[in-house]
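Asker: Let me give you the structure first, and then I'll get to my questions.
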Amino acid sequence: MDDPVLFRQGGFRLAARFADGDIRGDERQIRRLREFAQAEDPAADDVVAMMREHPDKRHLFEQALKHGIESIDDPPEALTRFFRTVEATPFWVDHARIERGARAIVRTGLLGLFPLGDMALMGGYLASRATKSLVGTGAIEHRATKRLVETATWWIEVTNPGALRPGAEGYAAAIRVRLVHAHVRAAMNRRPDWDYANWDRPVNQVQTTGTLLLFSLVFVFGTQLLGIRYTARERADILHLWRYAGWLMGVDEELLPAGERDAWRLLWLLAVTEFIPDDDSKRLAKALLKSHADVGRGRGAVGKVLSHVSVRVHSSISRLVLGKANADFLELPDDRIAQGAVVAAAGAVFAAETVRRSVPGLTALQERIGRVERRAYVAHLAKLFEIDATYAQHMSGAA
């Protein structure tokens, strides 16, 4: 089969080199993947249905999450099934590998956040069926800046060292997002105008898998394009971290890539079947660019310059990764000077990374610097935005 547009232009043309082999799928694999577009998350959906029927029991989810299902006297059956499923940790989970993957992610510091908005979110808007739930809730288009901030904060929580141990903050964050997805899915299923024939089931397994790959594989690939260097083991450990995070988020185990080749093949299949942009893709891209422009809001003339530079830099990163055709469709600014600056900066990062790998102690130092940067960033965001770690507002809004 011919490569999809995503893999014919931009940074993803290099995918075969990074994947170490042929990543193209076949018609049989496409048909199998498309079956998951009709699959949801019954365990989480049953909990949401229970909450809707018994609003007075909504708080029991947080109690079970923090203290265990055993802390609840006579818990609802749906809640018990959900947490028994979550607590049945798969045999393949290796917390030593997850810890190594987290350290490799932390080492990227604030640079590691660029792929989230410019590659993961912007690239995800190319998947038009997935955007229907985002547009339907209105959360992305009308509160794009806060939603971007919440996504970044959640991503940092999940990728901190030790965060995915049972009971830790990242573990809880992954499970909470699973329930948010179930609330949104229930809300979309109640809409009389939901077009199942053209949009599939809302927030289905294919779409959740796409989100997982954008936060894992595309992060690794994107940071490499920005100059970060990983060993093969580090890349594998980062993907292992997200394999477990995806499992906690309710992704079907068949869709969880066991390694880098699996992840690239799955992304290729998603690019063929899902990355078909439409007008909603443009609307969401415009909202994301506006959130980048907001960095200069209220700062006078300096703020205007800052907004201009922010939009041009973020758009340039998206263009270099997604390719001309996709970037033009999303109506991203085409600034060759900014693109050249991004390429030059990536070269400087690559040179610094080469030094880091050759000088003993620099990797550990960079990990410590990355931790400090990420903590300071989250603290700064907490001062600017009211961030609800339990996502109660999103759950009640979707309901």
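Identifiers in this document derive from the order of the structure tokens: chains are assigned A, B, ..., residues are numbered from 1 separately in each chain, and ligands are numbered from 1 in order of occurrence.
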Just want the 9 Å neighbourhood of stretch 205-217 of chain A, counted on only C-alpha atoms, with same-chain residues fewer than 4 positions away dropped. Output as a ChimeraX atom specification.
Answerer: /A:33-41,115-116,119-121,123-124,127,129-130,155,181,201,221-222,235,238-239,241-243,245-246,249-252,255-256,260,263-264,266-267,270,274
Asker: Write out as JSON, numbers by chain each polymer residue whose atoms come within 6 Å of A:Pro4, counting only C-alpha atoms; drop sequence neighbours fewer than 2 positions from it.
Answerer: {"A": [6, 7, 272]}
Asker: Considering only C-alpha atoms, state which residue in the set A:Ala168, A:Ile105, A:Ala379, A:Ala351 is at the smallest distance from A:His67.
Answerer: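 The answer is A:Ala168, which sits nearest to A:His67.
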Asker: Skipping near chain neighbours, those fewer than 5 positions away, what residues fall within 12 Å of A:Pro277 using only C-alpha atoms, listed as a PyMOL selection string?
Answerer: chain A and resi 5-6+122-132+271-272+282-285+325-331
Asker: If we count only C-alpha atoms and set the cut-off at 12 Å, which residues sit around A:Thr89, ignoring sequence neighbours fewer than 5 positions away in its own chain? Please answer as number ranges by chain.
Answerer: A: 83-84, 94-95, 164-166, 171, 243-245, 247-248, 253
Asker: Run DSSP on the backbone of this structure and report the residues of stretch 237-291 of chain A it assigns to helix (DSSP H, G or I), as a PyMOL selection string.
Answerer: chain A and resi 237-248+253-255+260-273+279-291
Asker: Please identify all polymer residues within 10 Å of A:Glu77, counting only C-alpha atoms, omitting same-chain residues fewer than 6 positions from it, and present them as an mmCIF file with all heavy atoms, in the first residue's frame.
Answerer:
data_model
loop_
_atom_site.group_PDB
_atom_site.id
_atom_site.type_symbol
_atom_site.label_atom_id
_atom_site.label_comp_id
_atom_site.auth_asym_id
_atom_site.auth_seq_id
_atom_site.Cartn_x
_atom_site.Cartn_y
_atom_site.Cartn_z
ATOM 1 N N ASP A 46 -19.751 1.901 32.723
ATOM 2 C CA ASP A 46 -20.686 1.466 33.768
ATOM 3 C C ASP A 46 -20.572 2.341 35.016
ATOM 4 O O ASP A 46 -21.577 2.618 35.685
ATOM 5 C CB ASP A 46 -20.426 0.004 34.130
ATOM 6 C CG ASP A 46 -20.885 -0.964 33.045
ATOM 7 O OD1 ASP A 46 -21.611 -0.529 32.134
ATOM 8 O OD2 ASP A 46 -20.497 -2.143 33.104
ATOM 9 N N VAL A 47 -19.358 2.783 35.336
ATOM 10 C CA VAL A 47 -19.177 3.674 36.489
ATOM 11 C C VAL A 47 -19.882 5.007 36.242
ATOM 12 O O VAL A 47 -20.563 5.544 37.117
ATOM 13 C CB VAL A 47 -17.673 3.906 36.771
ATOM 14 C CG1 VAL A 47 -17.492 4.993 37.835
ATOM 15 C CG2 VAL A 47 -17.011 2.617 37.233
ATOM 16 N N MET A 50 -23.535 4.595 36.608
ATOM 17 C CA MET A 50 -23.880 4.532 38.028
ATOM 18 C C MET A 50 -23.908 5.931 38.639
ATOM 19 O O MET A 50 -24.817 6.278 39.413
ATOM 20 C CB MET A 50 -22.853 3.655 38.756
ATOM 21 C CG MET A 50 -23.069 3.513 40.264
ATOM 22 S SD MET A 50 -22.313 4.858 41.248
ATOM 23 C CE MET A 50 -20.569 4.542 40.969
#
Asker: Pick from A:Asp195, A:Ala49, A:Ile369, A:Thr108: nearest to A:Leu179, with only C-alpha atoms counted?
Answerer: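 The shortest atom-to-atom distance to A:Leu179 comes from A:Ala49.
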Asker: Work out how far apart atom CA of A:Leu332 and atom CA of A:Leu134 are and give it in Å to one decimal.
Answerer: 19.8 Å
Asker: Measuring between only C-alpha atoms, which one of A:Ala352, A:Val86, A:Val295, A:Ala301 shows the shortest distance to A:Ala174?
Answerer: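 Among A:Ala352, A:Val86, A:Val295, A:Ala301, it is A:Val86 that comes nearest to A:Ala174.
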Asker: Can you tell me how far atom CA of A:Phe350 sits from atom CA of A:Leu306, in Å to one decimal?
Answerer: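 We find that atom CA of A:Phe350 and atom CA of A:Leu306 lie 25.6 Å from each other.
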Asker: Could you tell me how far atom CA of A:Val48 sits from atom CA of A:Thr85, in Å to one decimal place?
Answerer: 15.5 Å
Asker: Return the single residue from A:Pro257, A:Pro333, A:Gly167, A:Pro192 that is closest to A:Trp92, with distances computed using only C-alpha atoms.
Answerer: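 Looking only at the distances to A:Trp92, the closest residue turns out to be A:Pro257.
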Asker: Write out as a list in words each polymer residue whose atoms come within 12 Å of A:Trp154, counting only C-alpha atoms; drop sequence neighbours fewer than 6 positions from it.
Answerer: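 Answer for this query is Leu113, Leu116, Arg147, Leu148, Asn160, Ala163, Glu169, Gly170, Tyr171, Ala172, Ala173, Ala174, Ile175, Arg176, Val177, Phe215, Ala245, Arg374, Val378, Leu381, Ile387, Asp388, Ala389, Thr390 and Tyr391 of chain A.
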Asker: Output the selection as a compact mmCIF listing (two decimals), in the first residue's frame - N, CA and C atoms for each residue.
Answerer:
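This is the output file out_25.txt:
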# COMPACT_ATOMS: atom_id res chain seq x y z
N LEU A 113 8.09 19.59 26.25
CA LEU A 113 6.69 20.02 26.16
C LEU A 113 6.32 20.48 24.76
N LEU A 116 4.16 18.22 22.63
CA LEU A 116 2.77 18.04 23.08
C LEU A 116 1.81 18.92 22.28
N ARG A 147 -7.02 24.36 28.38
CA ARG A 147 -6.99 22.94 28.07
C ARG A 147 -5.58 22.49 27.74
N LEU A 148 -4.82 23.33 27.01
CA LEU A 148 -3.43 23.02 26.70
C LEU A 148 -2.61 22.93 27.98
N ASN A 160 6.43 11.68 35.59
CA ASN A 160 7.40 11.86 36.67
C ASN A 160 7.90 10.51 37.16
N ALA A 163 5.74 7.97 39.29
CA ALA A 163 4.37 8.45 39.22
C ALA A 163 3.35 7.35 38.92
N GLU A 169 0.55 9.91 42.08
CA GLU A 169 -0.22 10.95 41.39
C GLU A 169 -0.44 10.63 39.91
N GLY A 170 0.58 10.14 39.23
CA GLY A 170 0.42 9.82 37.81
C GLY A 170 -0.53 8.67 37.58
N TYR A 171 -0.47 7.68 38.46
CA TYR A 171 -1.39 6.53 38.42
C TYR A 171 -2.83 7.02 38.53
N ALA A 172 -3.07 7.90 39.49
CA ALA A 172 -4.42 8.44 39.69
C ALA A 172 -4.83 9.31 38.51
N ALA A 173 -3.88 10.09 37.96
CA ALA A 173 -4.20 10.98 36.84
C ALA A 173 -4.61 10.19 35.61
N ALA A 174 -3.92 9.08 35.34
CA ALA A 174 -4.26 8.26 34.18
C ALA A 174 -5.67 7.68 34.32
N ILE A 175 -6.01 7.24 35.52
CA ILE A 175 -7.32 6.65 35.75
C ILE A 175 -8.42 7.71 35.70
N ARG A 176 -8.12 8.90 36.21
CA ARG A 176 -9.12 9.98 36.16
C ARG A 176 -9.44 10.36 34.72
N VAL A 177 -8.42 10.43 33.89
CA VAL A 177 -8.66 10.78 32.49
C VAL A 177 -9.50 9.70 31.80
N PHE A 215 1.23 10.91 22.59
CA PHE A 215 1.92 11.25 23.82
C PHE A 215 3.19 10.42 24.03
N ALA A 245 0.65 3.19 31.03
CA ALA A 245 -0.26 4.32 31.18
C ALA A 245 -1.50 4.13 30.30
N ARG A 374 10.58 21.27 35.28
CA ARG A 374 9.20 20.80 35.23
C ARG A 374 8.43 21.21 36.48
N VAL A 378 5.11 23.71 36.45
CA VAL A 378 3.81 23.36 37.02
C VAL A 378 3.41 24.37 38.10
N LEU A 381 2.24 27.53 36.37
CA LEU A 381 0.90 27.37 35.79
C LEU A 381 -0.17 27.40 36.87
N ILE A 387 -6.22 24.93 38.22
CA ILE A 387 -6.11 23.59 37.67
C ILE A 387 -6.70 22.59 38.66
N ASP A 388 -7.69 21.85 38.22
CA ASP A 388 -8.36 20.87 39.07
C ASP A 388 -7.79 19.49 38.76
N ALA A 389 -6.97 18.96 39.66
CA ALA A 389 -6.32 17.68 39.43
C ALA A 389 -7.30 16.52 39.37
N THR A 390 -8.51 16.70 39.92
CA THR A 390 -9.49 15.61 39.90
C THR A 390 -10.36 15.65 38.64
N TYR A 391 -10.26 16.73 37.85
CA TYR A 391 -11.05 16.90 36.62
C TYR A 391 -12.55 16.87 36.89
Asker: Between A:Ala104, A:Val135, A:Leu225, A:Leu322, single out the one closest to A:Asp237, counting only C-alpha atoms.
Answerer: A:Ala104
